[in-house]
file structure-v4.cif (mmCIF, C-alpha atoms)
data_upload
loop_
_atom_site.group_PDB
_atom_site.id
_atom_site.type_symbol
_atom_site.label_atom_id
_atom_site.label_comp_id
_atom_site.auth_asym_id
_atom_site.auth_seq_id
_atom_site.Cartn_x
_atom_site.Cartn_y
_atom_site.Cartn_z
ATOM 1 C CA MET K 3 0.000 0.000 0.000
ATOM 2 C CA VAL K 4 1.394 3.406 -1.074
ATOM 3 C CA LYS K 5 0.863 6.448 1.141
ATOM 4 C CA ARG K 6 -0.045 9.890 -0.239
ATOM 5 C CA ASN K 7 3.428 11.207 0.448
ATOM 6 C CA GLY K 8 4.903 8.524 -1.773
ATOM 7 C CA GLY K 9 6.207 6.465 1.119
ATOM 8 C CA ARG K 10 5.205 2.918 1.777
ATOM 9 C CA GLU K 11 3.035 1.730 4.608
ATOM 10 C CA PRO K 12 5.323 0.278 7.219
ATOM 11 C CA GLN K 13 5.076 -3.474 7.358
ATOM 12 C CA ALA K 14 3.869 -5.119 10.510
ATOM 13 C CA ARG K 15 6.756 -6.271 12.607
ATOM 14 C CA LYS K 16 7.179 -9.974 12.894
ATOM 15 C CA THR K 17 6.988 -11.233 16.413
ATOM 16 C CA LYS K 18 10.172 -12.932 17.395
ATOM 17 C CA LYS K 19 9.866 -16.422 18.704
ATOM 18 C CA PRO K 20 11.384 -16.775 22.128
ATOM 19 C CA LYS K 21 14.697 -18.540 21.951
ATOM 20 C CA HIS K 22 15.073 -21.704 23.914
ATOM 21 C CA ARG K 23 17.904 -21.059 26.292
ATOM 22 C CA ARG K 24 19.689 -23.800 28.045
ATOM 23 C CA GLY K 25 20.051 -23.444 31.747
ATOM 24 C CA GLY K 26 23.394 -23.062 33.407
ATOM 25 C CA ARG K 27 25.570 -26.058 33.899
ATOM 26 C CA GLU K 28 25.113 -27.755 37.210
ATOM 27 C CA ALA K 29 28.165 -28.151 39.393
ATOM 28 C CA LEU K 30 29.025 -31.803 39.890
ATOM 29 C CA SER K 31 29.348 -33.304 43.339
ATOM 30 C CA VAL K 32 32.484 -35.201 44.315
ATOM 31 C CA GLU K 33 30.606 -38.474 43.816
ATOM 32 C CA GLN K 34 29.515 -37.434 40.315
ATOM 33 C CA VAL K 35 33.024 -36.315 39.359
ATOM 34 C CA ILE K 36 34.471 -39.667 40.425
ATOM 35 C CA HIS K 37 31.720 -41.574 38.616
ATOM 36 C CA PHE K 38 32.152 -39.610 35.368
ATOM 37 C CA TYR K 39 35.932 -40.067 35.554
ATOM 38 C CA PHE K 40 35.614 -43.841 35.775
ATOM 39 C CA VAL K 41 33.013 -43.945 33.004
ATOM 40 C CA LEU K 42 35.494 -42.185 30.715
ATOM 41 C CA LEU K 43 38.333 -44.401 31.883
ATOM 42 C CA ARG K 44 36.691 -47.829 32.047
ATOM 43 C CA ASP K 45 33.457 -47.803 30.041
ATOM 44 C CA VAL K 46 34.585 -45.520 27.217
ATOM 45 C CA ASN K 47 38.118 -46.946 27.494
ATOM 46 C CA CYS K 48 39.762 -43.565 27.015
ATOM 47 C CA ALA K 49 42.562 -42.843 29.469
ATOM 48 C CA PHE K 50 43.560 -39.465 28.015
ATOM 49 C CA ALA K 51 39.973 -38.127 28.192
ATOM 50 C CA ALA K 52 39.796 -39.055 31.882
ATOM 51 C CA VAL K 53 42.964 -37.039 32.547
ATOM 52 C CA MET K 54 41.672 -34.097 30.498
ATOM 53 C CA PHE K 55 38.427 -34.158 32.477
ATOM 54 C CA VAL K 56 40.241 -33.874 35.813
ATOM 55 C CA LEU K 57 42.594 -31.153 34.559
ATOM 56 C CA GLY K 58 39.614 -29.224 33.202
ATOM 57 C CA LEU K 59 38.011 -29.232 36.645
ATOM 58 C CA MET K 60 41.223 -28.139 38.364
ATOM 59 C CA LEU K 61 42.053 -25.379 35.909
ATOM 60 C CA GLY K 62 38.519 -24.218 35.137
ATOM 61 C CA GLU K 63 39.390 -23.978 31.450
ATOM 62 C CA ARG K 64 37.599 -24.783 28.211
ATOM 63 C CA ALA K 65 38.241 -27.676 25.868
ATOM 64 C CA GLU K 66 40.310 -25.677 23.357
ATOM 65 C CA LEU K 67 42.934 -24.869 25.952
ATOM 66 C CA LEU K 68 42.952 -28.405 27.375
ATOM 67 C CA CYS K 69 43.577 -29.819 23.908
ATOM 68 C CA ASN K 70 46.604 -27.540 23.477
ATOM 69 C CA MET K 71 48.281 -28.186 26.820
ATOM 70 C CA GLN K 72 52.021 -28.882 26.717
ATOM 71 C CA ASP K 73 54.371 -30.464 29.229
ATOM 72 C CA THR K 74 56.362 -27.234 29.583
ATOM 73 C CA TRP K 75 53.323 -25.625 31.218
ATOM 74 C CA PHE K 76 53.764 -27.788 34.321
ATOM 75 C CA ALA K 77 56.175 -27.473 37.216
ATOM 76 C CA GLY K 78 56.627 -29.175 40.569
ATOM 77 C CA LEU K 79 55.069 -32.515 39.635
ATOM 78 C CA ASP K 80 58.114 -34.336 41.000
ATOM 79 C CA ALA K 81 57.520 -34.214 44.755
ATOM 80 C CA SER K 82 61.207 -34.910 45.456
ATOM 81 C CA HIS K 83 62.025 -31.362 44.345
ATOM 82 C CA GLY K 84 59.982 -29.932 47.207
ATOM 83 C CA GLN K 85 58.023 -27.615 44.926
ATOM 84 C CA LEU K 86 54.236 -27.325 44.810
ATOM 85 C CA PRO K 87 52.756 -28.496 41.479
ATOM 86 C CA THR K 88 51.486 -25.746 39.211
ATOM 87 C CA CYS K 89 50.285 -25.224 35.659
ATOM 88 C CA THR K 90 51.102 -21.992 33.837
ATOM 89 C CA ILE K 91 48.292 -21.213 31.398
ATOM 90 C CA ARG K 92 49.676 -20.068 28.045
ATOM 91 C CA PRO K 93 47.870 -18.020 25.379
ATOM 92 C CA VAL K 94 45.808 -20.259 23.101
ATOM 93 C CA ASN K 95 43.279 -17.707 21.877
ATOM 94 C CA LYS K 96 42.160 -14.173 22.711
ATOM 95 C CA LYS K 97 40.003 -15.449 25.573
ATOM 96 C CA THR K 98 42.905 -17.102 27.361
ATOM 97 C CA LYS K 99 44.122 -15.372 30.503
ATOM 98 C CA CYS K 100 47.752 -16.215 31.169
ATOM 99 C CA ARG K 101 48.220 -17.183 34.791
ATOM 100 C CA GLU K 102 49.714 -19.761 37.112
ATOM 101 C CA VAL K 103 47.274 -22.228 38.664
ATOM 102 C CA PRO K 104 48.184 -24.461 41.637
ATOM 103 C CA LEU K 105 47.358 -28.152 41.278
ATOM 104 C CA GLU K 106 46.252 -30.539 44.007
ATOM 105 C CA SER K 107 49.515 -32.035 45.261
ATOM 106 C CA GLY K 108 48.226 -35.611 45.294
ATOM 107 C CA PHE K 109 47.119 -35.424 41.683
ATOM 108 C CA GLY K 110 50.439 -33.869 40.692
ATOM 109 C CA GLN K 111 52.301 -36.828 42.186
ATOM 110 C CA VAL K 112 50.009 -39.369 40.517
ATOM 111 C CA MET K 113 50.391 -37.598 37.182
ATOM 112 C CA TRP K 114 54.171 -37.703 37.569
ATOM 113 C CA GLN K 115 54.027 -41.451 38.212
ATOM 114 C CA TRP K 116 51.891 -42.007 35.114
ATOM 115 C CA VAL K 117 54.374 -40.106 32.984
ATOM 116 C CA THR K 118 57.761 -41.103 34.400
ATOM 117 C CA GLY K 119 57.187 -44.072 36.698
ATOM 118 C CA GLY K 120 56.558 -46.663 34.009
ATOM 119 C CA LYS K 121 52.953 -47.064 35.164
ATOM 120 C CA PRO K 122 50.733 -45.236 32.658
ATOM 121 C CA LEU K 123 47.046 -44.797 33.401
ATOM 122 C CA LEU K 124 45.165 -47.698 31.794
ATOM 123 C CA GLY K 125 41.647 -47.479 30.410
ATOM 124 C CA GLY K 126 39.095 -50.199 29.773
ATOM 125 C CA GLN K 127 38.839 -53.539 31.534
ATOM 126 C CA GLU K 128 40.957 -56.658 31.812
ATOM 127 C CA GLY K 129 40.926 -58.598 28.543
ATOM 128 C CA GLU K 130 40.226 -55.517 26.407
ATOM 129 C CA ASP K 131 42.549 -53.670 24.064
ATOM 130 C CA ARG K 132 43.178 -51.068 26.733
ATOM 131 C CA THR K 133 44.134 -47.474 26.052
ATOM 132 C CA GLN K 134 46.787 -45.735 28.101
ATOM 133 C CA TRP K 135 48.013 -42.272 28.956
ATOM 134 C CA PRO K 136 50.665 -41.229 28.198
ATOM 135 C CA HIS K 137 50.272 -42.949 24.857
ATOM 136 C CA GLN K 138 52.725 -45.675 23.978
ATOM 137 C CA GLY K 139 55.868 -44.023 22.648
ATOM 138 C CA GLN K 140 54.892 -40.590 23.959
ATOM 139 C CA MET K 141 57.816 -38.683 25.469
ATOM 140 C CA LEU K 142 56.811 -36.118 28.067
ATOM 141 C CA PHE K 143 58.888 -34.068 30.512
ATOM 142 C CA GLN K 144 62.115 -35.160 28.847
ATOM 143 C CA PRO K 145 65.197 -32.918 28.400
ATOM 144 C CA ARG K 146 65.186 -31.015 25.126
ATOM 145 C CA ARG K 147 68.071 -30.066 22.933
ATOM 146 C CA THR K 148 68.472 -26.386 22.219
ATOM 147 C CA ARG K 149 67.843 -25.415 18.611
ATOM 148 C CA ARG K 150 69.761 -22.169 18.901
ATOM 149 C CA ILE K 151 71.760 -20.559 21.625
ATOM 150 C CA GLY K 152 69.393 -19.846 24.485
ATOM 151 C CA LYS K 153 66.357 -21.293 22.669
ATOM 152 C CA GLN K 154 64.778 -24.618 23.499
ATOM 153 C CA GLN K 155 62.452 -26.731 21.439
ATOM 154 C CA PRO K 156 58.742 -26.115 22.063
ATOM 155 C CA GLY K 157 56.881 -28.237 24.571
ATOM 156 C CA ARG K 158 55.262 -31.530 23.701
ATOM 157 C CA TYR K 159 51.489 -31.828 23.599
ATOM 158 C CA LEU K 160 49.972 -33.802 26.454
ATOM 159 C CA PHE K 161 47.092 -34.923 24.263
ATOM 160 C CA PRO K 162 48.244 -35.337 20.646
ATOM 161 C CA GLY K 163 45.875 -35.991 17.782
ATOM 162 C CA ARG K 164 46.021 -38.811 15.282
ATOM 163 C CA THR K 165 47.587 -38.902 11.856
ATOM 164 C CA LEU K 166 45.333 -38.782 8.811
ATOM 165 C CA GLY K 167 43.953 -42.228 8.236
ATOM 166 C CA GLY K 168 43.687 -42.995 11.947
ATOM 167 C CA ASN K 169 44.767 -46.480 13.028
ATOM 168 C CA ASN K 170 45.744 -44.982 16.409
ATOM 169 C CA VAL K 171 48.990 -43.557 15.018
ATOM 170 C CA ARG K 172 49.601 -40.387 16.979
ATOM 171 C CA ALA K 173 50.701 -37.099 15.453
ATOM 172 C CA TRP K 174 52.938 -35.930 18.285
ATOM 173 C CA ARG K 175 53.241 -32.352 17.008
ATOM 174 C CA THR K 176 49.501 -31.859 16.546
ATOM 175 C CA PRO K 177 47.032 -31.456 19.437
ATOM 176 C CA ILE K 178 43.812 -33.402 19.584
ATOM 177 C CA THR K 179 40.822 -31.507 18.209
ATOM 178 C CA THR K 180 37.981 -30.313 20.401
ATOM 179 C CA ARG K 181 35.720 -32.496 18.267
ATOM 180 C CA GLY K 182 37.722 -35.560 19.241
ATOM 181 C CA PHE K 183 37.611 -34.514 22.891
ATOM 182 C CA PHE K 184 33.851 -33.909 22.931
ATOM 183 C CA GLY K 185 33.271 -37.203 21.129
ATOM 184 C CA LYS K 186 34.581 -39.025 24.198
ATOM 185 C CA PHE K 187 32.369 -36.954 26.484
ATOM 186 C CA GLN K 188 29.309 -37.751 24.388
ATOM 187 C CA ALA K 189 30.186 -41.439 24.594
ATOM 188 C CA ALA K 190 30.382 -41.137 28.397
ATOM 189 C CA GLN K 191 27.028 -39.345 28.502
ATOM 190 C CA ALA K 192 25.454 -42.166 26.479
ATOM 191 C CA VAL K 193 26.818 -44.714 28.959
ATOM 192 C CA ILE K 194 25.371 -42.802 31.913
ATOM 193 C CA VAL K 195 21.963 -42.496 30.209
ATOM 194 C CA LYS K 196 21.851 -46.296 29.900
ATOM 195 C CA GLN K 197 22.979 -46.671 33.503
ATOM 196 C CA LEU K 198 20.191 -44.344 34.649
ATOM 197 C CA GLN K 199 17.578 -46.300 32.720
ATOM 198 C CA GLN K 200 18.758 -49.571 34.203
ATOM 199 C CA ALA K 201 18.909 -48.117 37.718
ATOM 200 C CA ARG K 202 15.300 -46.887 37.456
ATOM 201 C CA GLN K 203 14.105 -50.252 36.218
ATOM 202 C CA GLU K 204 15.785 -51.941 39.168
ATOM 203 C CA GLY K 205 14.727 -49.276 41.664
ATOM 204 C CA GLN K 206 18.340 -48.437 42.422
ATOM 205 C CA ARG K 207 19.964 -45.094 43.170
ATOM 206 C CA HIS K 208 22.389 -43.539 40.664
ATOM 207 C CA PRO K 209 24.825 -40.626 41.251
ATOM 208 C CA PHE K 210 23.286 -38.704 38.341
ATOM 209 C CA ASP K 211 19.636 -39.028 39.404
ATOM 210 C CA GLY K 212 17.796 -35.794 38.578
ATOM 211 C CA ILE K 213 20.710 -34.351 36.572
ATOM 212 C CA ASP K 214 20.402 -33.253 32.942
ATOM 213 C CA ILE K 215 23.383 -35.217 31.661
ATOM 214 C CA LYS K 216 23.467 -33.285 28.366
ATOM 215 C CA LYS K 217 24.514 -30.020 30.041
#
call {"tool": "encode", "arguments": {"input": "structure-v4.cif", "output": "structure tokens"}}
result
Amino acid sequence: MVKRNGGREPQARKTKKPKHRRGGREALSVEQVIHFYFVLLRDVNCAFAAVMFVLGLMLGERAELLCNMQDTWFAGLDASHGQLPTCTIRPVNKKTKCREVPLESGFGQVMWQWVTGGKPLLGGQEGEDRTQWPHQGQMLFQPRRTRRIGKQQPGRYLFPGRTLGGNNVRAWRTPITTRGFFGKFQAAQAVIVKQLQQARQEGQRHPFDGIDIKK
């Protein structure tokens, strides 16, 4: 419709549909943290994802930073040095705030044993093709040769990705993708959903009763 002044009749504004917003993430209890850790480790059979999960809770950081963590970020894991374990957050993107974060001393010691004590963390169950972290052949916290005077080689990724074509061949100089990381979490969520269904059928309690596992 054309108005007398040559302008057009303003069109009726379309009403915007309310967006469905997800609620905030619920903080996990100690029992739920332990349960989720063991689901990742044993049921999903993914040792590295279990370690990433714990580090994520301690550092309060997002998946992108966890995927890019390097061994040079850590200090004080060896308790014999008498230094408290810490992780120095390095810049990964513009959202990263560089800072030093203290780690729980017990976890620091266990992590050191996994890496240097010849007892890597094993996933899965007895009789399975079990995963491990560090990965077989992965060299972490080892002395590095200097490339130039005063310059050392960059740190090694804690959680390397896989080479193109897969077959569990690790690309040591490439970090795991966030997609690969979240894939393990989704697998753990699927396991817990099945556990919840079974627990309800049997009238049993489950640590994640009443929790939206997808958040």
call {"tool": "closest_residue", "arguments": {"input": "structure-v4.cif", "among": "K:Cys100, K:Val53, K:Ile213, K:Ala173", "to": "Gln191 (chain K)", "atoms": "all atoms listed in the file"}}
result
K:Ile213
call {"tool": "closest_residue", "arguments": {"input": "structure-v4.cif", "among": "K:Phe38, K:Phe210, K:Phe161, K:Phe143", "to": "Phe183 (chain K)", "atoms": "all atoms listed in the file"}}
result
K:Phe161
call {"tool": "residues_around", "arguments": {"input": "structure-v4.cif", "residues": "Glu63 (chain K)", "least_positions_apart": "4", "cutoff": "10 Å", "atoms": "all atoms listed in the file", "output": "PyMOL selection string"}}
result
chain K and resi 57-59+67-68+91+98-99
call {"tool": "resolve_selection", "arguments": {"input": "structure-v4.cif", "expression": "the PyMOL selection byres ((chain K and resi 48) around 12)", "output": "PyMOL selection string"}}
result
chain K and resi 38-47+49-55+123-127+130-137+161+182-183+185-187+189-190
call {"tool": "atom_distance", "arguments": {"input": "structure-v4.cif", "atom1": "CA of Val171 (chain K)", "atom2": "CA of Gly139 (chain K)"}}
result
10.3 Å
call {"tool": "atom_distance", "arguments": {"input": "structure-v4.cif", "atom1": "CA of His37 (chain K)", "atom2": "CA of His208 (chain K)"}}
result
9.8 Å
call {"tool": "axis_aligned_box", "arguments": {"input": "structure-v4.cif", "around": "region 131-146 of chain K", "padding_each_side": "4 Å", "output": "AutoDock Vina command-line options"}}
result
--center_x 53.9 --center_y -42.3 --center_z 26.6 --size_x 30.6 --size_y 30.7 --size_z 15.9
call {"tool": "residues_around", "arguments": {"input": "structure-v4.cif", "residues": "Met141 (chain K)", "least_positions_apart": "6", "cutoff": "10 Å", "atoms": "only C-alpha atoms", "output": "JSON, numbers by chain"}}
result
{"K": [73, 117, 118, 158, 159, 160, 174]}
call {"tool": "residues_near_point", "arguments": {"input": "structure-v4.cif", "point": "(51.6, -17.3, 36.0)", "cutoff": "12 Å", "atoms": "all atoms listed in the file", "output": "count of residues only"}}
result
15
call {"tool": "atom_distance", "arguments": {"input": "structure-v4.cif", "atom1": "CA of Gly212 (chain K)", "atom2": "CA of Val56 (chain K)"}}
result
22.7 Å
call {"tool": "build_atoms", "arguments": {"input": "structure-v4.cif", "residues": "region 29-53 of chain K", "atoms": "N, CA and C atoms", "output": "PDB file, keeping the file's coordinate frame"}}
result
ATOM      1  N   ALA K  29      26.883 -27.720  38.835  1.00  0.00           N
ATOM      2  CA  ALA K  29      28.165 -28.151  39.393  1.00  0.00           C
ATOM      3  C   ALA K  29      28.049 -29.599  39.847  1.00  0.00           C
ATOM      4  N   LEU K  30      29.048 -30.393  39.526  1.00  0.00           N
ATOM      5  CA  LEU K  30      29.025 -31.803  39.890  1.00  0.00           C
ATOM      6  C   LEU K  30      29.493 -31.994  41.330  1.00  0.00           C
ATOM      7  N   SER K  31      28.893 -32.938  42.001  1.00  0.00           N
ATOM      8  CA  SER K  31      29.348 -33.304  43.339  1.00  0.00           C
ATOM      9  C   SER K  31      30.613 -34.152  43.211  1.00  0.00           C
ATOM     10  N   VAL K  32      31.280 -34.368  44.328  1.00  0.00           N
ATOM     11  CA  VAL K  32      32.484 -35.201  44.315  1.00  0.00           C
ATOM     12  C   VAL K  32      32.146 -36.600  43.806  1.00  0.00           C
ATOM     13  N   GLU K  33      31.026 -37.137  44.250  1.00  0.00           N
ATOM     14  CA  GLU K  33      30.606 -38.474  43.816  1.00  0.00           C
ATOM     15  C   GLU K  33      30.388 -38.522  42.308  1.00  0.00           C
ATOM     16  N   GLN K  34      29.777 -37.473  41.756  1.00  0.00           N
ATOM     17  CA  GLN K  34      29.515 -37.434  40.315  1.00  0.00           C
ATOM     18  C   GLN K  34      30.801 -37.280  39.516  1.00  0.00           C
ATOM     19  N   VAL K  35      31.732 -36.479  40.030  1.00  0.00           N
ATOM     20  CA  VAL K  35      33.024 -36.315  39.359  1.00  0.00           C
ATOM     21  C   VAL K  35      33.748 -37.655  39.281  1.00  0.00           C
ATOM     22  N   ILE K  36      33.795 -38.365  40.398  1.00  0.00           N
ATOM     23  CA  ILE K  36      34.471 -39.667  40.425  1.00  0.00           C
ATOM     24  C   ILE K  36      33.791 -40.644  39.475  1.00  0.00           C
ATOM     25  N   HIS K  37      32.459 -40.645  39.484  1.00  0.00           N
ATOM     26  CA  HIS K  37      31.720 -41.574  38.616  1.00  0.00           C
ATOM     27  C   HIS K  37      31.988 -41.272  37.143  1.00  0.00           C
ATOM     28  N   PHE K  38      31.934 -39.985  36.768  1.00  0.00           N
ATOM     29  CA  PHE K  38      32.152 -39.610  35.368  1.00  0.00           C
ATOM     30  C   PHE K  38      33.577 -39.948  34.940  1.00  0.00           C
ATOM     31  N   TYR K  39      34.533 -39.734  35.840  1.00  0.00           N
ATOM     32  CA  TYR K  39      35.932 -40.067  35.554  1.00  0.00           C
ATOM     33  C   TYR K  39      36.075 -41.545  35.206  1.00  0.00           C
ATOM     34  N   PHE K  40      35.474 -42.404  36.012  1.00  0.00           N
ATOM     35  CA  PHE K  40      35.614 -43.841  35.775  1.00  0.00           C
ATOM     36  C   PHE K  40      34.803 -44.318  34.571  1.00  0.00           C
ATOM     37  N   VAL K  41      33.730 -43.614  34.243  1.00  0.00           N
ATOM     38  CA  VAL K  41      33.013 -43.945  33.004  1.00  0.00           C
ATOM     39  C   VAL K  41      33.909 -43.663  31.805  1.00  0.00           C
ATOM     40  N   LEU K  42      34.561 -42.506  31.797  1.00  0.00           N
ATOM     41  CA  LEU K  42      35.494 -42.185  30.715  1.00  0.00           C
ATOM     42  C   LEU K  42      36.635 -43.196  30.661  1.00  0.00           C
ATOM     43  N   LEU K  43      37.157 -43.533  31.820  1.00  0.00           N
ATOM     44  CA  LEU K  43      38.333 -44.401  31.883  1.00  0.00           C
ATOM     45  C   LEU K  43      37.993 -45.851  31.539  1.00  0.00           C
ATOM     46  N   ARG K  44      36.968 -46.397  32.172  1.00  0.00           N
ATOM     47  CA  ARG K  44      36.691 -47.829  32.047  1.00  0.00           C
ATOM     48  C   ARG K  44      35.663 -48.161  30.968  1.00  0.00           C
ATOM     49  N   ASP K  45      34.526 -47.462  30.982  1.00  0.00           N
ATOM     50  CA  ASP K  45      33.457 -47.803  30.041  1.00  0.00           C
ATOM     51  C   ASP K  45      33.757 -47.309  28.632  1.00  0.00           C
ATOM     52  N   VAL K  46      34.235 -46.071  28.528  1.00  0.00           N
ATOM     53  CA  VAL K  46      34.585 -45.520  27.217  1.00  0.00           C
ATOM     54  C   VAL K  46      35.968 -46.000  26.792  1.00  0.00           C
ATOM     55  N   ASN K  47      36.760 -46.459  27.762  1.00  0.00           N
ATOM     56  CA  ASN K  47      38.118 -46.946  27.494  1.00  0.00           C
ATOM     57  C   ASN K  47      38.971 -45.851  26.865  1.00  0.00           C
ATOM     58  N   CYS K  48      38.985 -44.695  27.539  1.00  0.00           N
ATOM     59  CA  CYS K  48      39.762 -43.565  27.015  1.00  0.00           C
ATOM     60  C   CYS K  48      40.523 -42.908  28.161  1.00  0.00           C
ATOM     61  N   ALA K  49      41.754 -43.340  28.358  1.00  0.00           N
ATOM     62  CA  ALA K  49      42.562 -42.843  29.469  1.00  0.00           C
ATOM     63  C   ALA K  49      42.846 -41.351  29.348  1.00  0.00           C
ATOM     64  N   PHE K  50      43.183 -40.879  28.142  1.00  0.00           N
ATOM     65  CA  PHE K  50      43.560 -39.465  28.015  1.00  0.00           C
ATOM     66  C   PHE K  50      42.379 -38.556  28.314  1.00  0.00           C
ATOM     67  N   ALA K  51      41.154 -38.957  27.936  1.00  0.00           N
ATOM     68  CA  ALA K  51      39.973 -38.127  28.192  1.00  0.00           C
ATOM     69  C   ALA K  51      39.692 -38.025  29.686  1.00  0.00           C
ATOM     70  N   ALA K  52      39.976 -39.090  30.430  1.00  0.00           N
ATOM     71  CA  ALA K  52      39.796 -39.055  31.882  1.00  0.00           C
ATOM     72  C   ALA K  52      40.748 -38.041  32.513  1.00  0.00           C
ATOM     73  N   VAL K  53      41.987 -38.004  32.032  1.00  0.00           N
ATOM     74  CA  VAL K  53      42.964 -37.039  32.547  1.00  0.00           C
ATOM     75  C   VAL K  53      42.555 -35.616  32.165  1.00  0.00           C
TER      76      VAL K  53
END
